[in-house]
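Participant: Here you go, this is my_file-v2.pdb (PDB, C-alpha atoms).
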ATOM      1  CA  MET A   1      86.749  29.847  33.358
ATOM      2  CA  THR A   2      85.983  26.820  35.440
ATOM      3  CA  GLY A   3      89.496  26.609  36.805
ATOM      4  CA  THR A   4      89.574  30.283  37.655
ATOM      5  CA  TRP A   5      86.205  30.060  39.414
ATOM      6  CA  HIS A   6      87.370  27.189  41.541
ATOM      7  CA  ARG A   7      90.505  29.148  42.612
ATOM      8  CA  PHE A   8      88.322  31.969  44.033
ATOM      9  CA  ILE A   9      85.839  29.763  45.865
ATOM     10  CA  PRO A  10      88.071  29.095  48.928
ATOM     11  CA  LEU A  11      88.897  32.822  49.208
ATOM     12  CA  GLN A  12      85.212  33.772  49.315
ATOM     13  CA  LYS A  13      84.544  31.196  52.009
ATOM     14  CA  ALA A  14      87.366  32.625  54.167
ATOM     15  CA  LEU A  15      86.020  36.234  54.138
ATOM     16  CA  PRO A  16      83.756  37.330  57.042
ATOM     17  CA  PRO A  17      80.189  38.235  56.290
ATOM     18  CA  MET A  18      79.845  41.817  54.968
ATOM     19  CA  ARG A  19      78.069  44.426  57.112
ATOM     20  CA  SER A  20      75.756  47.061  55.795
ATOM     21  CA  ARG A  21      76.920  50.587  54.894
ATOM     22  CA  TYR A  22      74.888  52.039  57.781
ATOM     23  CA  SER A  23      76.732  49.853  60.320
ATOM     24  CA  ASN A  24      80.162  50.946  59.016
ATOM     25  CA  GLN A  25      79.298  54.644  59.218
ATOM     26  CA  THR A  26      77.965  54.252  62.751
ATOM     27  CA  ALA A  27      81.197  52.588  63.866
ATOM     28  CA  ARG A  28      83.339  55.320  62.313
ATOM     29  CA  VAL A  29      81.334  58.126  63.907
ATOM     30  CA  SER A  30      81.547  56.414  67.325
ATOM     31  CA  ALA A  31      85.332  56.078  67.018
ATOM     32  CA  VAL A  32      85.744  59.745  66.058
ATOM     33  CA  LEU A  33      83.556  60.916  68.955
ATOM     34  CA  LEU A  34      85.522  58.757  71.369
ATOM     35  CA  MET A  35      88.839  60.226  70.166
ATOM     36  CA  LEU A  36      87.508  63.792  70.443
ATOM     37  CA  MET A  37      86.345  63.165  74.014
ATOM     38  CA  LEU A  38      89.714  61.722  74.997
ATOM     39  CA  ALA A  39      91.555  64.654  73.425
ATOM     40  CA  HIS A  40      89.275  67.127  75.243
ATOM     41  CA  PHE A  41      89.978  65.582  78.659
ATOM     42  CA  VAL A  42      93.708  65.331  77.988
ATOM     43  CA  ALA A  43      93.895  69.024  77.039
ATOM     44  CA  ILE A  44      91.612  70.357  79.780
ATOM     45  CA  GLY A  45      92.571  68.046  82.624
ATOM     46  CA  PRO A  46      95.879  69.682  83.651
ATOM     47  CA  VAL A  47      94.350  73.178  83.511
ATOM     48  CA  ILE A  48      91.361  72.714  85.801
ATOM     49  CA  GLY A  49      92.279  73.848  89.317
ATOM     50  CA  ALA A  50      96.012  74.139  88.580
ATOM     51  CA  ALA A  51      98.421  76.844  87.526
ATOM     52  CA  PRO A  52     100.545  76.483  84.398
ATOM     53  CA  ASP A  53     103.422  74.098  84.975
ATOM     54  CA  ILE A  54     106.329  76.488  84.426
ATOM     55  CA  ALA A  55     109.716  75.675  85.859
ATOM     56  CA  PRO A  56     110.947  78.634  87.933
ATOM     57  CA  SER A  57     114.378  80.079  87.374
ATOM     58  CA  GLY A  58     117.060  80.085  90.049
ATOM     59  CA  ASN A  59     116.411  83.686  91.131
ATOM     60  CA  SER A  60     112.624  83.771  90.833
ATOM     61  CA  VAL A  61     110.157  83.774  93.709
ATOM     62  CA  GLN A  62     107.027  81.671  93.546
ATOM     63  CA  MET A  63     103.996  83.960  93.636
ATOM     64  CA  GLY A  64     100.941  83.140  95.684
ATOM     65  CA  GLN A  65      98.739  85.999  94.485
ATOM     66  CA  ASP A  66      95.273  85.330  93.092
ATOM     67  CA  TRP A  67      94.401  88.845  91.880
ATOM     68  CA  TYR A  68      94.948  90.791  88.678
ATOM     69  CA  MET A  69      97.970  93.073  88.678
ATOM     70  CA  VAL A  70      96.142  95.849  86.797
ATOM     71  CA  ILE A  71      92.385  96.489  86.582
ATOM     72  CA  ASP A  72      91.859  99.418  84.213
ATOM     73  CA  ARG A  73      88.114  99.936  84.362
ATOM     74  CA  ALA A  74      88.480 103.614  83.409
ATOM     75  CA  GLY A  75      90.491 102.787  80.282
ATOM     76  CA  ILE A  76      93.257 105.371  80.799
ATOM     77  CA  LEU A  77      96.081 102.935  79.962
ATOM     78  CA  ASP A  78      96.933 101.862  76.446
ATOM     79  CA  GLU A  79      98.368  98.426  75.731
ATOM     80  CA  VAL A  80     102.010  99.412  76.249
ATOM     81  CA  GLN A  81     101.307 101.355  79.437
ATOM     82  CA  GLU A  82      99.194  98.545  80.839
ATOM     83  CA  ARG A  83     101.937  96.019  80.105
ATOM     84  CA  SER A  84     104.483  98.265  81.808
ATOM     85  CA  ALA A  85     102.276  98.637  84.881
ATOM     86  CA  ILE A  86     101.736  94.868  85.005
ATOM     87  CA  ASN A  87     105.475  94.218  84.853
ATOM     88  CA  ASP A  88     106.246  96.753  87.590
ATOM     89  CA  ALA A  89     103.516  95.405  89.867
ATOM     90  CA  TYR A  90     104.829  91.899  89.191
ATOM     91  CA  ARG A  91     108.345  92.947  90.207
ATOM     92  CA  LEU A  92     107.105  94.525  93.425
ATOM     93  CA  ASN A  93     105.216  91.343  94.216
ATOM     94  CA  LEU A  94     108.428  89.361  93.728
ATOM     95  CA  TYR A  95     110.246  91.781  96.037
ATOM     96  CA  GLY A  96     107.739  91.052  98.788
ATOM     97  CA  ILE A  97     105.317  93.971  98.313
ATOM     98  CA  PRO A  98     101.995  92.696  96.896
ATOM     99  CA  THR A  99     100.821  95.431  94.533
ATOM    100  CA  GLN A 100      97.749  96.128  92.434
ATOM    101  CA  VAL A 101      96.698  99.015  90.163
ATOM    102  CA  VAL A 102      92.987  99.874  89.881
ATOM    103  CA  THR A 103      91.280 102.618  87.867
ATOM    104  CA  GLU A 104      87.527 103.317  88.014
ATOM    105  CA  PRO A 105      85.225 105.633  86.027
ATOM    106  CA  VAL A 106      83.834 107.517  89.015
ATOM    107  CA  ALA A 107      84.126 111.121  90.225
ATOM    108  CA  LEU A 108      85.728 111.274  93.683
ATOM    109  CA  ASN A 109      87.594 113.837  95.701
ATOM    110  CA  GLN A 110      90.926 113.114  97.385
ATOM    111  CA  GLY A 111      89.439 111.921 100.662
ATOM    112  CA  GLN A 112      86.989 109.625  98.918
ATOM    113  CA  ALA A 113      89.766 108.264  96.670
ATOM    114  CA  ASP A 114      91.926 107.483  99.709
ATOM    115  CA  ALA A 115      89.054 105.652 101.385
ATOM    116  CA  ARG A 116      88.251 103.746  98.187
ATOM    117  CA  ALA A 117      91.891 102.713  97.762
ATOM    118  CA  ASN A 118      92.015 101.362 101.312
ATOM    119  CA  GLU A 119      88.737  99.534 100.759
ATOM    120  CA  LEU A 120      89.902  97.866  97.540
ATOM    121  CA  ARG A 121      93.234  96.844  99.069
ATOM    122  CA  ILE A 122      91.403  95.044 101.863
ATOM    123  CA  THR A 123      88.524  93.549  99.888
ATOM    124  CA  ASN A 124      90.767  92.378  97.024
ATOM    125  CA  GLY A 125      93.128  90.747  99.500
ATOM    126  CA  ILE A 126      96.275  92.555  98.354
ATOM    127  CA  GLU A 127      98.662  91.011 100.881
ATOM    128  CA  SER A 128     101.260  88.250 100.987
ATOM    129  CA  SER A 129      99.082  86.063 103.207
ATOM    130  CA  PHE A 130      95.769  86.344 104.985
ATOM    131  CA  GLY A 131      95.974  89.064 107.623
ATOM    132  CA  ALA A 132      99.522  90.118 106.699
ATOM    133  CA  ASN A 133      98.374  93.684 105.854
ATOM    134  CA  ASP A 134     101.532  94.332 103.811
ATOM    135  CA  GLY A 135     100.117  95.189 100.372
ATOM    136  CA  LEU A 136     100.108  98.271  98.195
ATOM    137  CA  LEU A 137      97.339  99.566  95.926
ATOM    138  CA  VAL A 138      97.605 102.392  93.397
ATOM    139  CA  TYR A 139      94.142 103.813  92.702
ATOM    140  CA  ALA A 140      92.880 106.347  90.170
ATOM    141  CA  SER A 141      89.327 107.676  89.826
ATOM    142  CA  VAL A 142      88.342 109.242  86.511
ATOM    143  CA  ASP A 143      85.246 111.401  86.162
ATOM    144  CA  PRO A 144      83.251 109.810  83.308
ATOM    145  CA  TYR A 145      81.858 113.223  82.324
ATOM    146  CA  ASP A 146      85.181 115.074  82.603
ATOM    147  CA  GLN A 147      88.215 112.996  81.662
ATOM    148  CA  THR A 148      90.549 115.669  83.015
ATOM    149  CA  ASN A 149      89.168 115.275  86.546
ATOM    150  CA  ILE A 150      91.429 112.470  87.798
ATOM    151  CA  VAL A 151      92.278 111.790  91.432
ATOM    152  CA  MET A 152      94.949 109.284  92.484
ATOM    153  CA  SER A 153      95.702 107.608  95.784
ATOM    154  CA  ILE A 154      98.365 105.147  96.988
ATOM    155  CA  SER A 155      97.229 102.912  99.842
ATOM    156  CA  GLY A 156      99.734 100.932 101.881
ATOM    157  CA  GLY A 157      99.050  98.396 104.582
ATOM    158  CA  GLY A 158     100.080  98.793 108.167
ATOM    159  CA  ARG A 159     103.045  96.440 107.640
ATOM    160  CA  THR A 160     104.024  97.501 104.136
ATOM    161  CA  LEU A 161     106.552 100.131 105.196
ATOM    162  CA  PRO A 162     109.366 100.745 105.800
ATOM    163  CA  ARG A 163     111.239  98.778 103.149
ATOM    164  CA  ASN A 164     114.814 100.067 102.756
ATOM    165  CA  GLY A 165     114.498 103.593 101.344
ATOM    166  CA  LEU A 166     110.735 103.238 100.871
ATOM    167  CA  ASN A 167     109.142 104.681 103.993
ATOM    168  CA  THR A 168     106.188 106.870 104.847
ATOM    169  CA  ASP A 169     107.985 110.115 104.024
ATOM    170  CA  ALA A 170     109.178 108.753 100.668
ATOM    171  CA  LEU A 171     105.667 107.590  99.777
ATOM    172  CA  ASN A 172     104.274 111.013 100.649
ATOM    173  CA  ASP A 173     106.909 112.585  98.395
ATOM    174  CA  ILE A 174     105.792 110.322  95.543
ATOM    175  CA  ARG A 175     102.190 111.452  96.059
ATOM    176  CA  ASP A 176     103.079 115.131  96.331
ATOM    177  CA  GLN A 177     105.660 115.317  93.550
ATOM    178  CA  ILE A 178     105.334 112.611  90.905
ATOM    179  CA  VAL A 179     101.568 112.055  91.042
ATOM    180  CA  THR A 180     100.624 115.717  91.416
ATOM    181  CA  ASP A 181     103.038 116.847  88.701
ATOM    182  CA  GLN A 182     101.969 114.258  86.122
ATOM    183  CA  LEU A 183      98.261 114.781  86.762
ATOM    184  CA  ALA A 184      98.723 118.529  86.399
ATOM    185  CA  GLN A 185     100.268 117.896  82.975
ATOM    186  CA  GLY A 186      97.398 115.595  82.009
ATOM    187  CA  HIS A 187      99.353 112.315  82.063
ATOM    188  CA  PRO A 188      97.568 109.907  84.440
ATOM    189  CA  ALA A 189      99.209 106.852  82.876
ATOM    190  CA  ARG A 190     102.650 108.326  83.493
ATOM    191  CA  ALA A 191     101.644 109.119  87.067
ATOM    192  CA  ILE A 192     100.895 105.428  87.635
ATOM    193  CA  VAL A 193     103.958 104.045  85.850
ATOM    194  CA  TYR A 194     106.399 106.612  87.263
ATOM    195  CA  SER A 195     105.085 106.017  90.790
ATOM    196  CA  LEU A 196     105.642 102.271  90.469
ATOM    197  CA  ARG A 197     109.158 102.809  89.101
ATOM    198  CA  GLU A 198     110.052 105.165  91.942
ATOM    199  CA  ILE A 199     108.727 102.678  94.498
ATOM    200  CA  ILE A 200     110.865  99.933  92.943
ATOM    201  CA  TYR A 201     113.937 102.196  92.980
ATOM    202  CA  LEU A 202     113.500 103.176  96.625
ATOM    203  CA  GLU A 203     112.872  99.588  97.724
ATOM    204  CA  GLN A 204     115.747  98.031  95.785
ATOM    205  CA  TYR A 205     118.530 100.592  95.490
ATOM    206  CA  VAL A 206     118.208 103.066  98.381
ATOM    207  CA  PRO A 207     119.543 101.908 101.769
ATOM    208  CA  PRO A 208     117.435 102.432 104.868
ATOM    209  CA  PRO A 209     118.102 105.599 106.868
ATOM    210  CA  ALA A 210     120.526 105.401 109.743
ATOM    211  CA  PRO A 211     118.950 104.756 113.147
ATOM    212  CA  VAL A 212     118.498 107.663 115.526
ATOM    213  CA  LEU A 213     121.274 108.106 118.071
ATOM    214  CA  HIS A 214     120.413 107.368 121.691
ATOM    215  CA  GLY A 215     122.198 107.452 125.040
ATOM    216  CA  TRP A 216     125.861 108.411 125.267
ATOM    217  CA  LYS A 217     126.246 108.585 121.487
ATOM    218  CA  ALA A 218     123.714 111.401 121.250
ATOM    219  CA  ASP A 219     125.414 113.295 124.104
ATOM    220  CA  VAL A 220     128.905 112.849 122.633
ATOM    221  CA  ASN A 221     127.689 113.850 119.170
ATOM    222  CA  ARG A 222     126.663 117.283 120.354
ATOM    223  CA  ALA A 223     130.026 117.832 122.089
ATOM    224  CA  ILE A 224     132.404 116.296 119.550
ATOM    225  CA  ASP A 225     131.130 118.481 116.713
ATOM    226  CA  VAL A 226     132.784 121.414 118.496
ATOM    227  CA  LEU A 227     135.665 119.770 120.393
ATOM    228  CA  ALA A 228     137.118 117.732 117.512
ATOM    229  CA  PRO A 229     137.954 120.761 115.286
ATOM    230  CA  LEU A 230     139.449 122.562 118.302
ATOM    231  CA  VAL A 231     141.638 119.559 119.189
ATOM    232  CA  SER A 232     142.740 119.240 115.568
ATOM    233  CA  LEU A 233     143.747 122.908 115.316
ATOM    234  CA  ALA A 234     145.526 122.856 118.694
ATOM    235  CA  GLY A 235     147.419 119.670 117.766
ATOM    236  CA  THR A 236     148.469 121.101 114.410
ATOM    237  CA  GLY A 237     149.815 124.283 115.998
ATOM    238  CA  TRP A 238     151.589 122.370 118.744
ATOM    239  CA  LEU A 239     153.364 119.988 116.339
ATOM    240  CA  ILE A 240     154.548 122.752 114.019
ATOM    241  CA  ARG A 241     155.730 124.964 116.897
ATOM    242  CA  ARG A 242     157.403 122.029 118.662
ATOM    243  CA  ARG A 243     159.229 121.112 115.469
ATOM    244  CA  SER A 244     160.750 124.575 115.106
ATOM    245  CA  ARG A 245     161.781 124.951 118.792
ATOM    246  CA  SER A 246     163.213 121.472 119.533
ATOM    247  CA  GLU A 247     165.294 120.619 116.514
ATOM    248  CA  GLY A 248     167.852 118.660 118.509
ATOM    249  CA  ASN A 249     165.422 116.943 120.877
ATOM    250  CA  GLN A 250     164.130 114.162 118.664
ATOM    251  CA  ALA A 251     162.769 112.130 121.589
ATOM    252  CA  ALA A 252     160.360 114.931 122.567
ATOM    253  CA  SER A 253     159.239 115.368 118.965
ATOM    254  CA  THR A 254     158.616 111.630 118.633
ATOM    255  CA  ARG A 255     156.576 111.654 121.841
ATOM    256  CA  ASP A 256     154.417 114.528 120.630
ATOM    257  CA  ILE A 257     153.831 112.915 117.242
ATOM    258  CA  LEU A 258     152.755 109.648 118.853
ATOM    259  CA  THR A 259     150.458 111.488 121.283
ATOM    260  CA  PHE A 260     148.585 113.389 118.604
ATOM    261  CA  GLY A 261     148.552 110.335 116.321
ATOM    262  CA  VAL A 262     146.729 108.393 119.016
ATOM    263  CA  ALA A 263     144.417 111.377 119.544
ATOM    264  CA  ALA A 264     143.541 111.306 115.826
ATOM    265  CA  LEU A 265     142.669 107.591 116.045
ATOM    266  CA  VAL A 266     140.444 108.242 119.071
ATOM    267  CA  LEU A 267     138.667 111.033 117.221
ATOM    268  CA  VAL A 268     138.068 108.730 114.238
ATOM    269  CA  VAL A 269     136.476 106.071 116.446
ATOM    270  CA  LEU A 270     134.247 108.604 118.205
ATOM    271  CA  ALA A 271     133.307 110.275 114.922
ATOM    272  CA  VAL A 272     132.211 106.979 113.389
ATOM    273  CA  GLN A 273     130.256 105.894 116.455
ATOM    274  CA  THR A 274     128.480 109.242 116.818
ATOM    275  CA  ARG A 275     128.195 109.907 113.038
ATOM    276  CA  SER A 276     129.878 113.310 113.320
ATOM    277  CA  ALA A 277     131.076 114.682 109.982
ATOM    278  CA  PRO A 278     133.137 117.566 111.527
ATOM    279  CA  ALA A 279     134.935 115.080 113.767
ATOM    280  CA  VAL A 280     135.823 112.895 110.787
ATOM    281  CA  PHE A 281     137.419 115.789 108.900
ATOM    282  CA  ALA A 282     139.177 117.035 112.039
ATOM    283  CA  ALA A 283     140.613 113.591 112.803
ATOM    284  CA  ALA A 284     141.760 113.149 109.199
ATOM    285  CA  TRP A 285     143.498 116.531 109.254
ATOM    286  CA  LEU A 286     145.255 115.862 112.584
ATOM    287  CA  GLY A 287     146.393 112.411 111.429
ATOM    288  CA  THR A 288     147.783 113.890 108.186
ATOM    289  CA  VAL A 289     149.764 116.557 110.081
ATOM    290  CA  ALA A 290     151.148 113.927 112.486
ATOM    291  CA  ALA A 291     152.237 111.714 109.567
ATOM    292  CA  TRP A 292     153.854 114.711 107.856
ATOM    293  CA  GLN A 293     155.790 115.612 110.998
ATOM    294  CA  ALA A 294     156.916 112.013 111.409
ATOM    295  CA  THR A 295     158.252 112.026 107.852
ATOM    296  CA  LEU A 296     160.202 115.241 108.455
ATOM    297  CA  LEU A 297     161.607 113.845 111.663
ATOM    298  CA  ASP A 298     162.756 110.674 109.913
ATOM    299  CA  ARG A 299     164.459 112.728 107.166
ATOM    300  CA  GLY A 300     166.311 114.701 109.824
ATOM    301  CA  ARG A 301     167.589 111.506 111.342
ATOM    302  CA  ASP A 302     168.825 110.340 107.938
ATOM    303  CA  CYS A 303     170.864 113.541 107.547
ATOM    304  CA  ASP A 304     172.568 113.048 110.936
ATOM    305  CA  ARG A 305     173.695 109.512 110.189
ATOM    306  CA  THR A 306     177.400 108.936 109.437
ATOM    307  CA  VAL A 307     178.275 106.221 106.990
ATOM    308  CA  VAL A 308     181.772 104.772 107.523
ATOM    309  CA  THR A 309     183.328 102.873 104.646
ATOM    310  CA  THR A 310     186.701 101.171 104.358
ATOM    311  CA  PRO A 311     188.306 101.402 100.930
ATOM    312  CA  ARG A 312     189.381  98.114  99.365
ATOM    313  CA  PRO A 313     193.143  97.737  98.994
ATOM    314  CA  PRO A 314     194.391  97.919  95.445
ATOM    315  CA  GLY A 315     194.552  94.544  93.720
ATOM    316  CA  SER A 316     192.313  92.824  96.250
ATOM    317  CA  ARG A 317     189.609  92.126  93.718
ATOM    318  CA  LEU A 318     190.258  89.156  91.483
ATOM    319  CA  THR A 319     188.645  88.550  88.154
ATOM    320  CA  ALA A 320     186.987  85.299  87.265
ATOM    321  CA  MET A 321     189.909  84.242  85.036
ATOM    322  CA  SER A 322     192.451  85.028  87.751
ATOM    323  CA  ARG A 323     190.469  83.007  90.339
ATOM    324  CA  LYS A 324     190.269  80.063  87.944
ATOM    325  CA  THR A 325     194.007  80.224  87.265
ATOM    326  CA  ILE A 326     194.796  80.211  90.995
ATOM    327  CA  GLU A 327     192.501  77.247  91.638
ATOM    328  CA  THR A 328     194.148  75.173  88.907
TER
END
Do you think you could lay out the structure here as structure tokens?

Facilitator:
Amino acid sequence: MTGTWHRFIPLQKALPPMRSRYSNQTARVSAVLLMLMLAHFVAIGPVIGAAPDIAPSGNSVQMGQDWYMVIDRAGILDEVQERSAINDAYRLNLYGIPTQVVTEPVALNQGQADARANELRITNGIESSFGANDGLLVYASVDPYDQTNIVMSISGGGRTLPRNGLNTDALNDIRDQIVTDQLAQGHPARAIVYSLREIIYLEQYVPPPAPVLHGWKADVNRAIDVLAPLVSLAGTGWLIRRRSRSEGNQAASTRDILTFGVAALVLVVLAVQTRSAPAVFAAAWLGTVAAWQATLLDRGRDCDRTVVTTPRPPGSRLTAMSRKTIET
């Protein structure tokens, strides 16, 4: 026992003085609180005042909007319909048309709904940049005492339209046809979603209308619609009649075919420049008749050709074995 006691004496002298249980618990609690504070700041720090750090794809457009895509205060959209409206508004925003959908539980007539839609578009700042005035807002007012009394309005900024096939007339058609029809059937959510889809289709897949003709093109357009069919019919009759009367005079027929072929090319150019559909068909018909007459004329020349051949004398053709024998 004495030897064992003496072996433990140096070990006890080397140990530090023991602290109380209260001091150990205080140190542990302080360390845990410090770790929780550090974790809180690490998690919250990147979020405060910054958007989520998401790497954009190659075809995406960075959005600068600071509003909600859909505000359904009236509660007429279910979860799926609201998600669809959010996605469509998001797509329009990426295409360069800032868009928002707002519904409110208030009874308004059409004039009041139009004014409210314009007011919300301006106050909510639905535009690509301050003062751009190029946004779009789809608004619906729902009577809280009569859920069937729903009035919709689509408000566009002064610089929103035109965008390809989406112009003022197209937007009026959406209001008069899609919105009116769906509201009459009692489907306000469909009226919102279908309107957004039609706006996307017109903006993305419908080309802009052709510009109005001015100057000499407008004057020629009115004249060529009548003159081109007359020239085509006269040229067709002349070529057919000339073909039957001057069978031996191929030079005259060639001259006539070239003349009306050039006339068909001129009509094509004028028809394209003046956007005349009758002139296009007339020029195509005249060019087809001229090509047909040129083919007949070429066949006639082939029949008049004389092919002279000289027969080979008998035994003039040598076989390969005979040629080899001669060479050796």

Participant: Per residue of range 89-168 of chain A within 8 Å of range 196-206 of chain A, record the nearest atom pair and its distance in Å to one decimal, counting only C-alpha atoms, with rows in chain order and ascending residue number, as JSON lines.

Facilitator:
{"residue": "A:Ala89", "atom": "CA", "partner": "A:Leu196", "partner_atom": "CA", "distance": 7.2}
{"residue": "A:Arg91", "atom": "CA", "partner": "A:Ile200", "partner_atom": "CA", "distance": 7.9}
{"residue": "A:Leu92", "atom": "CA", "partner": "A:Ile200", "partner_atom": "CA", "distance": 6.6}
{"residue": "A:Arg163", "atom": "CA", "partner": "A:Glu203", "partner_atom": "CA", "distance": 5.7}
{"residue": "A:Asn164", "atom": "CA", "partner": "A:Glu203", "partner_atom": "CA", "distance": 5.4}
{"residue": "A:Gly165", "atom": "CA", "partner": "A:Val206", "partner_atom": "CA", "distance": 4.8}
{"residue": "A:Leu166", "atom": "CA", "partner": "A:Leu202", "partner_atom": "CA", "distance": 5.1}

Participant: Using all atoms listed in the file, which of the listed residues (A:Gly158, A:Pro105, A:Gly125, A:Gly111) sits closest to Trp67 in chain A?

Facilitator: A:Gly125

Participant: For a test of reading the model, state the distance in Å between CA of Arg241 in chain A and CA of Phe260 in chain A, rounded to one decimal.

Facilitator: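 Atom-to-atom, CA of Arg241 in chain A to CA of Phe260 in chain A, that is 13.7 Å.
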
Participant: Do a neighbour search on Asn149 in chain A at 12 Å with only C-alpha atoms, toss out local chain neighbours closer than 3 positions, and write the hits as a PyMOL selection string.

Facilitator: chain A and resi 105-110+140-146+152+183-188

Participant: Using only C-alpha atoms, please write the residues we just selected to a file, as a PDB file, in the frame of the given file.

Facilitator:
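Below is the file selection.pdb, written as the result:
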ATOM      1  CA  PRO A 105      85.225 105.633  86.027  1.00  0.00           C
ATOM      2  CA  VAL A 106      83.834 107.517  89.015  1.00  0.00           C
ATOM      3  CA  ALA A 107      84.126 111.121  90.225  1.00  0.00           C
ATOM      4  CA  LEU A 108      85.728 111.274  93.683  1.00  0.00           C
ATOM      5  CA  ASN A 109      87.594 113.837  95.701  1.00  0.00           C
ATOM      6  CA  GLN A 110      90.926 113.114  97.385  1.00  0.00           C
ATOM      7  CA  ALA A 140      92.880 106.347  90.170  1.00  0.00           C
ATOM      8  CA  SER A 141      89.327 107.676  89.826  1.00  0.00           C
ATOM      9  CA  VAL A 142      88.342 109.242  86.511  1.00  0.00           C
ATOM     10  CA  ASP A 143      85.246 111.401  86.162  1.00  0.00           C
ATOM     11  CA  PRO A 144      83.251 109.810  83.308  1.00  0.00           C
ATOM     12  CA  TYR A 145      81.858 113.223  82.324  1.00  0.00           C
ATOM     13  CA  ASP A 146      85.181 115.074  82.603  1.00  0.00           C
ATOM     14  CA  MET A 152      94.949 109.284  92.484  1.00  0.00           C
ATOM     15  CA  LEU A 183      98.261 114.781  86.762  1.00  0.00           C
ATOM     16  CA  ALA A 184      98.723 118.529  86.399  1.00  0.00           C
ATOM     17  CA  GLN A 185     100.268 117.896  82.975  1.00  0.00           C
ATOM     18  CA  GLY A 186      97.398 115.595  82.009  1.00  0.00           C
ATOM     19  CA  HIS A 187      99.353 112.315  82.063  1.00  0.00           C
ATOM     20  CA  PRO A 188      97.568 109.907  84.440  1.00  0.00           C
TER      21      PRO A 188
END

Participant: Counting only C-alpha atoms, what is within 6 Å of range 211-222 of chain A, bar same-chain residues fewer than 2 positions away, as an MDAnalysis selection string?

Facilitator: chainID A and resid 224:225 274

Participant: For a quick check of understanding, using all atoms listed in the file, which of A:Tyr95, A:Trp238, A:Phe281, A:Tyr139 has the smallest distance to Ile257 in chain A?

Facilitator: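 Checking each of A:Tyr95, A:Trp238, A:Phe281, A:Tyr139 against Ile257 in chain A, counting all atoms listed in the file, the winner is A:Trp238.
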
Participant: Using Å and a single decimal, report how far CA of Gln182 in chain A sits from CA of Ile76 in chain A.

Facilitator: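 Taking CA of Ile76 in chain A and CA of Gln182 in chain A, their separation equals 13.5 Å.
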
Participant: Could you list the residues chosen by the PyMOL selection byres ((chain A and resi 231) around 12) in this structure as a compact mmCIF listing (two decimals) with C-alpha atoms, in the coordinates of the input?

Facilitator:
# COMPACT_ATOMS: atom_id res chain seq x y z
CA ILE A 224 132.40 116.30 119.55
CA ASP A 225 131.13 118.48 116.71
CA VAL A 226 132.78 121.41 118.50
CA LEU A 227 135.66 119.77 120.39
CA ALA A 228 137.12 117.73 117.51
CA PRO A 229 137.95 120.76 115.29
CA LEU A 230 139.45 122.56 118.30
CA SER A 232 142.74 119.24 115.57
CA LEU A 233 143.75 122.91 115.32
CA ALA A 234 145.53 122.86 118.69
CA GLY A 235 147.42 119.67 117.77
CA THR A 236 148.47 121.10 114.41
CA GLY A 237 149.82 124.28 116.00
CA TRP A 238 151.59 122.37 118.74
CA PHE A 260 148.58 113.39 118.60
CA GLY A 261 148.55 110.34 116.32
CA ALA A 263 144.42 111.38 119.54
CA ALA A 264 143.54 111.31 115.83
CA VAL A 266 140.44 108.24 119.07
CA LEU A 267 138.67 111.03 117.22
CA PRO A 278 133.14 117.57 111.53
CA ALA A 279 134.94 115.08 113.77
CA PHE A 281 137.42 115.79 108.90
CA ALA A 282 139.18 117.04 112.04
CA ALA A 283 140.61 113.59 112.80
CA ALA A 284 141.76 113.15 109.20
CA TRP A 285 143.50 116.53 109.25
CA LEU A 286 145.26 115.86 112.58
CA GLY A 287 146.39 112.41 111.43

Participant: Would you write out, as a list in words, every residue that the PyMOL selection byres ((chain A and resi 82) around 10) captures in this file?

Facilitator: Met69, Val70, Ile71, Asp72, Gly75, Ile76, Leu77, Asp78, Glu79, Val80, Gln81, Arg83, Ser84, Ala85, Ile86, Asn87, Asp88, Val101, Ala189, Ile192 and Val193 of chain A

Participant: Quick one: distance from CA of Leu258 in chain A to CA of Ala277 in chain A in Å, one decimal?

Facilitator: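 Taking CA of Leu258 in chain A as the start and CA of Ala277 in chain A as the end point, the length is 24.0 Å.
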
Participant: From the set A:Leu270, A:Val289, A:Ile154, A:Ala113, which residue has the shortest atom-to-atom contact distance to Asp256 in chain A, counting all atoms listed in the file?

Facilitator: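 Going through A:Leu270, A:Val289, A:Ile154, A:Ala113 one by one, the smallest distance to Asp256 in chain A is for A:Val289.
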
Participant: For Pro98 in chain A, which of A:Leu136, A:Ala251, A:Ala191, A:Ala294 is the closest residue, counting all atoms listed in the file?

Facilitator: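 The shortest atom-to-atom distance to Pro98 in chain A comes from A:Leu136.
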
Participant: Looking at A:Leu137, A:Ala271, A:Ala252, A:Val280, which one is nearest to Arg116 in chain A, with distances taken over all atoms listed in the file?

Facilitator: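 Of all the options, A:Leu137 lies closest to Arg116 in chain A.
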
Participant: Could you state which residues are captured by the PyMOL selection byres ((chain A and resi 159) around 12) in this file, as a PyMOL selection string?

Facilitator: chain A and resi 96-98+127-129+131-136+155-158+160-163+167-168

Participant: Can you spit out the residues from that selection as a short mmCIF file (atom, residue, chain, number, x, y, z; two decimals), in the frame of the given file, using C-alpha atoms?

Facilitator:
data_model
loop_
_atom_site.label_atom_id
_atom_site.label_comp_id
_atom_site.auth_asym_id
_atom_site.auth_seq_id
_atom_site.Cartn_x
_atom_site.Cartn_y
_atom_site.Cartn_z
CA GLY A 96 107.74 91.05 98.79
CA ILE A 97 105.32 93.97 98.31
CA PRO A 98 102.00 92.70 96.90
CA GLU A 127 98.66 91.01 100.88
CA SER A 128 101.26 88.25 100.99
CA SER A 129 99.08 86.06 103.21
CA GLY A 131 95.97 89.06 107.62
CA ALA A 132 99.52 90.12 106.70
CA ASN A 133 98.37 93.68 105.85
CA ASP A 134 101.53 94.33 103.81
CA GLY A 135 100.12 95.19 100.37
CA LEU A 136 100.11 98.27 98.20
CA SER A 155 97.23 102.91 99.84
CA GLY A 156 99.73 100.93 101.88
CA GLY A 157 99.05 98.40 104.58
CA GLY A 158 100.08 98.79 108.17
CA THR A 160 104.02 97.50 104.14
CA LEU A 161 106.55 100.13 105.20
CA PRO A 162 109.37 100.74 105.80
CA ARG A 163 111.24 98.78 103.15
CA ASN A 167 109.14 104.68 103.99
CA THR A 168 106.19 106.87 104.85
#
